[in-house]
Structure formats: structure tokens, C-alpha cells
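To start, the structure itself, in C-alpha cells.
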Amino acid sequence: MTKRQLKLGLVPTGVGGPGEYNRWLDPEIPVDASVNIDWYIDIVKQAEAAKFDLVFIVDSQFITPDSPPHYLNRLEPLTLLSALAVVTKNIGLIGTATTSYNDPYNLARRLASLDLISHGRAGWNVVTSGDAGTARNYGKDEHYDYDTRYGRAHEYLDVARGLWRSYEDGALVRDRETGVFLDPTKLHALNHKGRFFSVEGPLNIQRSPQGEPVIFQAGDSDQGRDLGAAIADGIFTHAKSIEQGQAFYSDLKGRAARLGRDPDQIVILPGFTVYVGDNDLDAREIERHYRLQDHSFEQSLAEFGRAFGWHDFRQYDLDAPFPVAALEHAKNSFFTQAKRITDLAVERGFSLRQAVDHARTLRTSPFVGSAETVANEIGRWFEGRALDGLNIHAGHPSQFRRFTQEVVPLLQERGLFRTDYEATTLRGNLGLTIPTNVRGVEPRERVAA
Ligand SMILES: Cc1cc2nc3c(=O)[nH]c(=O)nc-3n(C[C@H](O)[C@H](O)[C@H](O)COP(=O)(O)O)c2cc1C
């Protein structure tokens with residue numbers, strides 16, 4: 001059995017994602033970083049030089065003037081990743097795409113194209129769209145409710161995977177001697193007729209060296225976790241403490257095992273910002289400086305509404321008890337997160353101001369310290385099965401450099417992280433098996449069930 005190895009992902013959020021409203025003021029970041037392909041190429045090459053497993057592009061299709069700078073103006077993930085594919089060789093390329101506002105045939109085709117362009121390095125972060133306002137950009141007044149969102153997502157994956165198995169190995173004969181291009185017995189239609197989708201197939205594109213794109217999933221409700229356990233090769237999540245990470249890790253892998261899956265075939269990568277200093281005190285000072293500088297209370301208050309369907313909390317008295325009724329606005333949005341915030345506010349008797357402040361301090365990273373301290377802490381979380389790897393938010397450029405140049409070598413010395421890529425495909429580097437393309441068997445049984 002091969003030794004379990006730490007996985008590393010890079011989450012580039014250019015001029016600043018959630019809670020990072022003023023990051024773009026950093027002179028090291030181009031003011032147009034989030035739409036600047038040269039900036040992405042530069043940072044992804046840094047990650048590839050450090051042997052990162054993957055770059056992970058988050059996304060949504062709804063903004064308000066209060067959205068973080070990176071969200072206001074950014075590149076579409078699969079277009080961006082196609083450009084990155086041709087200037088990189090080994091790093092995995094994962095794009096977020098929603099099952100709520102895409103058709104499966106079209107998305108399966110775009111992902112399969114990225115998988116071929118990158119010679120087997122494509123991945124898909126499956127989301128159901130947390131921003132409820134997205135509905136209004138796609139001809140709907142309201143976002144789908146949770147049952148519909150997650151029902152669609154399950155069926156969507158069955159369809160996408162069925163389509164990716166349209167061609168058996170050897171179907172495209174392409175023999176100039178005999179003049180045979182295709183063996184039609186190895187090309188299969190899907191003929192899917194389900195609750196949400198009707199897709200005949202076949203898909204007009206062959207499989208890649210890794211078979212088909214790697215599937216990641218992000219969503220934290222019971223339904224979200226069940227979806228991840230059923231369909232995902234990897235999970236994107238958040239963890240505030242090692243205990244919380246361990247609880248999520250064992251819950252998710254337990255769900256997968258109960259579905260008859262091998263829990264080791266799912267990698268769990270929570271997202272973190274990491275702060276590295278000359279010593280622990282210096283690193284804490286760097287973190288404090290950036291946290292104070294990267295957003296103000298007013299920006300946090302405006303952003304606070306995002307989980308609640310971008311409900312505007314500026315209308316309430318900051319020092320009155322937390323407006324519990326606002327949870328109603330979250331019902332089709334990021335409900336799990338909004339409910340957690342509301343429950344905590346009630347339990348602790350928070351005012352709105354205290355709830356916003358609490359959400360801000362929660363951004364404190366568990367990985368702050370000298371390179372040595374950060375490497376120790378990563379090792380502790382990894383060995384303690386709180387994670388299989390980290391999705392690192394690139395943050396300030398000087399900090400990402402310190403991580404790759406000071407922390408990664410320590411992780412390598414300790415045998416926790418690779419010194420060179422094991423494979424040229426994302427599946428190969430993540431230690432995932434290539435799915436069989438005897439299609440129609442496993443996924444369709446699940447739809448029938
Ligand atoms: C860690 C994490 C990352 C997410 N990233 C995205 C994203 O990039 N784009 C998006 O539209 N939704 C994203 N979502 C939203 C989920 O797909 C889902 O719609 C939302 O979390 C509500 O479902 P839940 O209550 O199951 O978490 C993310 C959710 C989590 C937990």
C-alpha cells in the first residue's frame with residue numbers, strides 16, 4: 001500500500017475574496033489581477049513549481065455592489081483553466097460549475113474538452129449555487145429549494161458521468177489502412193429520462209488519459225454531505241479547529257463507507273489562509289495587520305448578508321438583539337451557514353454588532369506561525385485525520401511565496417508531501433482510480449434506485 005500523502009491546492013482570488021475587500025491595495029497585486037491572465041499564469045506556475053496538486057477556481061454568477069472585489073470582476077472558470085492548461089504540465093485544474101444553472105450535456109462537454117486540452121488534469125467543483133439571486137440571471141424569480149437543488153445535482157452527476165462513458169476504449173479505430181474511423185458497437189447513447197433531465201446522447205467527445213474529470217463537491221448541509229459522499233472524489237470545505245475538521249472528516253467518510261464506497265478514494269481539502277512569519281509572534285502580527293487592513297467593520301456588515309441571500313443588515317440597530325427573523329431570507333441561499341450564525345447569536349445573546357464581529361474574528365487562521373510551526377500544525381491535522389490536504393487561499397503574494405518557499409520544503413523533508421509529481425494526470429496525483437467506462441451500469445442503477 002502506498003503511503004498516505006498530503007495534498008495541496010491553490011485558491012486564487014486575485015484582488016480579494018470574502019473578507020478581503022482591501023487586499024487589492026497591496027502594491028504587489030495588479031489592480032486587475034482577477035481578470036489578468038498573466039497574473040494567474042504567474043501564481044499557478046509558482047504553485048506548480050512547489051508541486052501543488054491543483055488550482056481550484058471558485059465561482060458564482062450573481063453580484064451586488066457589496067460583493068468582494070474578486071467577485072465583482074473575474075474570469076469564467078473553464079475559460080480561464082483552458083488557458084492555464086497550455087502553460088502548465090502537471091498541476092490539476094479544478095473549476096466550479098453549478099448544477100442549478102447549466103445543462104448537463106453542455107457542461108459535460110466543456111469539462112471533457114478541458115480534460116483533453118490538459119491531457120487529463122481537469123476537475124469539477126460541483127455546487128448548487130449558494131447565491132439565491134443567481135436565479136434572476138437565468139429567467140427564474142426564485143432559486144430552487146434545497147430538495148430540488150440537491151435532487152438535480154444527484155441526477156446531473158449520473159447524466160454527466162453517463163455521457164463521459166459514451167465511447168468505450170478502442171471505439172475510435174482511426175485506422176488509415178482499413179479506412180475504419182469508428183467501431184459503432186463501442187459508441188453508446190445514454191437515453192436518460194429522469195425527474196429533471198432528459199438526455200439522449202451520446203456525447204461527442206472521447207475520454208482523456210484520466211478517464212473523466214475529477215469531481216469535487218462543496219456543500220455542508222446533510223443533503224450536501226450526502227451528495228459529496230455519493231458522487232465526489234474530493235470535498236472542499238471549511239474547518240475552524242482540528243476537532244471540527246475531524247468531526248467533518250469522519251462524518252463524510254462514514255457516509256461514503258455506508259454507500260459502499262472506499263473512503264480513501266475521497267480526499268478532503270478544507271480551505272485556509274496561512275500566515276508565515278520569522279517567528280510565531282511575527283506571524284501573528286502579520287495576520288493581525290492583514291485582518292485589520294483587509295476589511296473594515298462596515299464592509300463586513302455589508303458582506304454579512306451574503307449567506308442570507310444578500311439580505312441587507314444595515315437596516316437594523318447594531319446594538320439591538322440579533323434579528324433572528326432574517327434567517328427566513330437564507331432559506332434558498334447558504335442556509336447551513338446562516339443557521340449556524342443565527343443559532344450562535346441566540347445562544348450567546350449577541351447583538352448584531354457582536355455577531356458581525358464574531359464572524360470577523362472567526363477568520364483567524366489555525367495555521368499561523370514560523371514555517372516550522374505551520375508545518376508542525378499541518379502535520380498534526382493530517383496525521384489526526386482532520387484533512388487529507390489544504391486548499392490554500394493565495395492571499396497576499398509575499399505570504400504565498402513564504403508558504404511555497406519555506407513551509408513546503410519542511411513538509412517534503414518530513415515525507416508528508418511529494419518532491420515530484422507521481423503522474424501527469426490529476427487522478428494519478430491524487431491517488432484516485434480511473435473510473436471504468438463500461439457505461440450504463442453503476443450510475444444508472446443509482447438513478448433507478
Ligand atoms: C466550502 C464551500 C464552498 C462553496 N463554494 C461555492 C462556489 O464557489 N460557488 C457557489 O455557487 N456555491 C458554492 N458553495 C455553495 C454550495 O454549493 C451550496 O449551494 C451552499 O453551501 C448551500 O448548501 P449547504 O447548506 O448544503 O451548504 C460552497 C459551499 C461551501 C460549503
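Scheme for the C-alpha cells: letters A, B, ... for chains in order shown; per-chain residue numbers from 1; ligand numbers from 1 in order shown.
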request  = Could you give me the residues within segment 233-312 of chain A that DSSP places in helix (DSSP H, G or I), as a ChimeraX atom specification?
outcome  = /A:242-258,263-265,280-294,297-308
Within 6 Å of ligand 1, which residues of chain A come that close, and what is the closest atom pair and distance in Å for each? Count only C-alpha atoms and all ligand atoms and give it as CSV.
```
residue,atom,partner,partner_atom_place_in_ligand_line,distance
A:Val58,CA,ligand 1,8 (O),3.8
A:Asp59,CA,ligand 1,8 (O),4.2
A:Ser60,CA,ligand 1,11 (O),4.4
A:Thr96,CA,ligand 1,8 (O),5.7
A:Val127,CA,ligand 1,17 (O),3.4
A:Thr128,CA,ligand 1,17 (O),4.2
A:Ser129,CA,ligand 1,11 (O),3.3
A:Gly130,CA,ligand 1,19 (O),3.6
A:Ala218,CA,ligand 1,30 (C),4.5
A:Gly219,CA,ligand 1,27 (O),3.6
A:Asp220,CA,ligand 1,27 (O),3.6
A:Ser221,CA,ligand 1,26 (O),3.6
A:Gln223,CA,ligand 1,26 (O),6.0
A:Gly224,CA,ligand 1,26 (O),4.0
A:Phe236,CA,ligand 1,1 (C),5.2
A:Thr237,CA,ligand 1,1 (C),3.7
A:His238,CA,ligand 1,1 (C),5.4
A:Ser333,CA,ligand 1,22 (C),6.0
A:Phe334,CA,ligand 1,22 (C),4.1
A:Phe335,CA,ligand 1,25 (O),4.9
A:Thr336,CA,ligand 1,25 (O),4.0
```
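The smallest atom-to-atom distance between Ala359 of chain A and any of A:Leu301, A:Leu163, A:Ala33, A:Ala320, using only C-alpha atoms, is found for A:Leu301.
Compared by their closest atoms to Arg110 of chain A, and using only C-alpha atoms, the residues A:Asp226, A:Gly151, A:Glu212, A:Glu298 rank with A:Glu212 nearest.
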All residues 8 Å or closer to Gln265 of chain A, only C-alpha atoms, same chain fewer than 6 positions away omitted, as a list in words = Asp233, Gly431, Leu432 and Thr433 of chain A
request  = For each of A:Phe308, A:Ala423, A:Ser370, A:Ala239, take the minimum atom-to-atom distance to Glu285 of chain A, counting only C-alpha atoms, then give the residue where this is smallest.
outcome  = A:Ser370
ask   = Could you work out how far atom CA of Leu80 of chain A lies from atom CA of His143 of chain A, giving the answer in Å with one decimal?
value =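 Taking atom CA of His143 of chain A and atom CA of Leu80 of chain A, their separation equals 26.5 Å.
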ask   = What is the atom CA of Arg385 of chain A to atom CA of Tyr421 of chain A distance in Å?
value = 22.9 Å
task = Could you find all residues in segment 368-449 of chain A that DSSP calls strand (DSSP E) from the backbone, and write them as a PyMOL selection string?
result = chain A and resi 368-370+389-393
Restricted to C-alpha atoms, what would the selected residues look like written as a compact mmCIF listing (two decimals), in the first residue's frame?
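Generated output (out.txt):
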```txt
# COMPACT_ATOMS: atom_id res chain seq x y z
CA VAL A 368 -0.15 30.99 11.76
CA GLY A 369 3.47 30.93 12.85
CA SER A 370 7.04 30.36 11.79
CA GLY A 389 -4.83 18.28 2.32
CA LEU A 390 -5.25 22.03 2.30
CA ASN A 391 -6.75 24.36 -0.26
CA ILE A 392 -4.56 27.42 0.31
CA HIS A 393 -6.07 30.85 -0.34
```
task = Would you kindly return, as a ChimeraX atom specification, each protein, DNA or RNA residue with an atom no farther than 9 Å from any atom of segment 404-418 of chain A, considering only C-alpha atoms and excluding same-chain residues fewer than 3 positions away?
result = /A:4-8,46-47,49-52,276,370-372,374-376,378-379,382,399-401,421-422
key: Residues near Ala232 of chain A, cut-off 6 Å, only C-alpha atoms, skip fewer than 4 positions along chain, as a list in words   =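 Close residues of Ala232 of chain A: Ile215, Phe216, Gln217 and Gly228 of chain A.
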Just-selected residues, C-alpha atoms written as a PDB file, in the first residue's frame:
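File produced: part05.pdb:
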```pdb
ATOM      1  CA  ILE A 215     -15.290  15.515  -9.119  1.00  0.00           C
ATOM      2  CA  PHE A 216     -15.079  17.829  -6.120  1.00  0.00           C
ATOM      3  CA  GLN A 217     -18.094  18.961  -4.129  1.00  0.00           C
ATOM      4  CA  GLY A 228     -20.456  14.557  -1.623  1.00  0.00           C
TER       5      GLY A 228
END
```
request  = Write out as a ChimeraX atom specification which residues come within 12 Å of Arg121 of chain A when counting only C-alpha atoms, dropping same-chain ones fewer than 4 positions away.
outcome  = /A:53-56,81-82,84-86,88-95,111-117,208-215,423-430
Could you write out that same residue set with N, CA and C atoms as a short mmCIF file (atom, residue, chain, number, x, y, z; two decimals), in the first residue's frame?
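To be explicit, this is the file written out as selection-v8.cif:
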```cif
data_model
loop_
_atom_site.label_atom_id
_atom_site.label_comp_id
_atom_site.auth_asym_id
_atom_site.auth_seq_id
_atom_site.Cartn_x
_atom_site.Cartn_y
_atom_site.Cartn_z
N ASP A 53 -0.95 19.95 -5.97
CA ASP A 53 -1.82 19.03 -6.71
C ASP A 53 -2.72 19.76 -7.68
N LEU A 54 -3.21 20.93 -7.27
CA LEU A 54 -4.29 21.51 -8.07
C LEU A 54 -4.46 23.00 -7.81
N VAL A 55 -5.07 23.65 -8.80
CA VAL A 55 -5.55 25.01 -8.62
C VAL A 55 -7.08 24.91 -8.66
N PHE A 56 -7.72 25.65 -7.77
CA PHE A 56 -9.14 25.48 -7.52
C PHE A 56 -9.85 26.83 -7.71
N LEU A 81 -9.27 28.14 -17.08
CA LEU A 81 -8.48 26.91 -16.90
C LEU A 81 -7.97 26.38 -18.24
N SER A 82 -8.72 26.61 -19.31
CA SER A 82 -8.25 26.17 -20.64
C SER A 82 -6.97 26.91 -21.01
N LEU A 84 -4.84 28.18 -18.77
CA LEU A 84 -3.78 27.70 -17.87
C LEU A 84 -3.28 26.32 -18.27
N ALA A 85 -4.17 25.55 -18.90
CA ALA A 85 -3.81 24.17 -19.27
C ALA A 85 -2.62 24.13 -20.23
N VAL A 86 -2.54 25.13 -21.10
CA VAL A 86 -1.49 25.07 -22.12
C VAL A 86 -0.15 25.66 -21.65
N THR A 88 0.93 24.92 -18.39
CA THR A 88 1.33 24.08 -17.24
C THR A 88 1.37 22.63 -17.71
N LYS A 89 1.95 21.75 -16.86
CA LYS A 89 2.12 20.36 -17.28
C LYS A 89 1.53 19.34 -16.30
N ASN A 90 1.60 19.65 -15.02
CA ASN A 90 1.24 18.64 -14.03
C ASN A 90 0.10 19.05 -13.09
N ILE A 91 -0.05 20.32 -12.87
CA ILE A 91 -1.00 20.76 -11.83
C ILE A 91 -2.44 20.52 -12.29
N GLY A 92 -3.29 20.04 -11.38
CA GLY A 92 -4.69 19.80 -11.68
C GLY A 92 -5.45 21.11 -11.80
N LEU A 93 -6.52 21.12 -12.60
CA LEU A 93 -7.25 22.35 -12.94
C LEU A 93 -8.72 22.17 -12.61
N ILE A 94 -9.13 22.68 -11.44
CA ILE A 94 -10.50 22.44 -10.99
C ILE A 94 -11.34 23.70 -11.10
N GLY A 95 -12.46 23.60 -11.77
CA GLY A 95 -13.35 24.74 -11.94
C GLY A 95 -14.69 24.49 -11.27
N LEU A 111 -16.31 20.30 -19.83
CA LEU A 111 -15.34 19.70 -18.89
C LEU A 111 -14.50 18.63 -19.58
N ALA A 112 -15.13 17.84 -20.43
CA ALA A 112 -14.38 16.80 -21.16
C ALA A 112 -13.37 17.46 -22.09
N SER A 113 -13.72 18.62 -22.65
CA SER A 113 -12.78 19.34 -23.52
C SER A 113 -11.57 19.81 -22.72
N LEU A 114 -11.83 20.39 -21.53
CA LEU A 114 -10.72 20.83 -20.67
C LEU A 114 -9.85 19.63 -20.30
N ASP A 115 -10.50 18.49 -20.07
CA ASP A 115 -9.75 17.30 -19.69
C ASP A 115 -8.81 16.85 -20.82
N LEU A 116 -9.25 16.98 -22.06
CA LEU A 116 -8.39 16.61 -23.18
C LEU A 116 -7.31 17.66 -23.43
N ILE A 117 -7.71 18.93 -23.36
CA ILE A 117 -6.73 20.01 -23.58
C ILE A 117 -5.58 19.89 -22.58
N SER A 208 -10.36 11.09 -21.63
CA SER A 208 -8.99 11.62 -21.52
C SER A 208 -8.09 10.57 -20.88
N PRO A 209 -6.78 10.86 -20.75
CA PRO A 209 -5.90 9.89 -20.08
C PRO A 209 -6.31 9.58 -18.64
N GLN A 210 -7.09 10.43 -17.99
CA GLN A 210 -7.55 10.08 -16.63
C GLN A 210 -9.00 9.57 -16.66
N GLY A 211 -9.46 9.22 -17.84
CA GLY A 211 -10.81 8.69 -17.94
C GLY A 211 -11.81 9.81 -18.03
N GLU A 212 -12.07 10.45 -16.92
CA GLU A 212 -13.02 11.56 -16.91
C GLU A 212 -12.63 12.54 -15.80
N PRO A 213 -13.16 13.76 -15.82
CA PRO A 213 -12.75 14.76 -14.84
C PRO A 213 -12.96 14.30 -13.40
N VAL A 214 -12.08 14.79 -12.53
CA VAL A 214 -12.20 14.54 -11.09
C VAL A 214 -13.36 15.38 -10.56
N ILE A 215 -14.14 14.79 -9.67
CA ILE A 215 -15.29 15.52 -9.12
C ILE A 215 -15.02 15.97 -7.69
N ALA A 423 2.48 11.60 -11.31
CA ALA A 423 1.75 11.31 -12.55
C ALA A 423 1.57 12.60 -13.34
N THR A 424 1.06 12.46 -14.55
CA THR A 424 0.76 13.66 -15.34
C THR A 424 -0.74 13.96 -15.30
N THR A 425 -1.53 13.08 -14.67
CA THR A 425 -2.96 13.35 -14.58
C THR A 425 -3.32 13.75 -13.15
N LEU A 426 -4.45 14.45 -13.01
CA LEU A 426 -4.90 14.84 -11.67
C LEU A 426 -5.29 13.61 -10.85
N ARG A 427 -6.00 12.68 -11.47
CA ARG A 427 -6.35 11.44 -10.77
C ARG A 427 -5.12 10.71 -10.26
N GLY A 428 -4.10 10.64 -11.12
CA GLY A 428 -2.85 9.96 -10.75
C GLY A 428 -2.21 10.62 -9.53
N ASN A 429 -2.15 11.96 -9.54
CA ASN A 429 -1.51 12.66 -8.43
C ASN A 429 -2.33 12.60 -7.15
N LEU A 430 -3.64 12.54 -7.28
CA LEU A 430 -4.48 12.45 -6.08
C LEU A 430 -4.62 11.00 -5.59
#
```
inquiry  = List the spatial neighbours of Gln61 of chain A as a ChimeraX atom specification - criterion: any atom at most 12 Å away, only C-alpha atoms, same-chain residues fewer than 4 positions off excluded.
reply    = /A:67,71-77,96-98,100-102,127-138
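Nearest to Gly194 of chain A of all the residues A:Arg258, A:Arg152, A:His396, A:His329 is A:Arg152, based on only C-alpha atoms.
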request  = For each of A:Gly271, A:Ser166, A:Asp158, A:Thr178, take the minimum atom-to-atom distance to Ala230 of chain A, counting only C-alpha atoms, then give the residue where this is smallest.
outcome  = A:Asp158
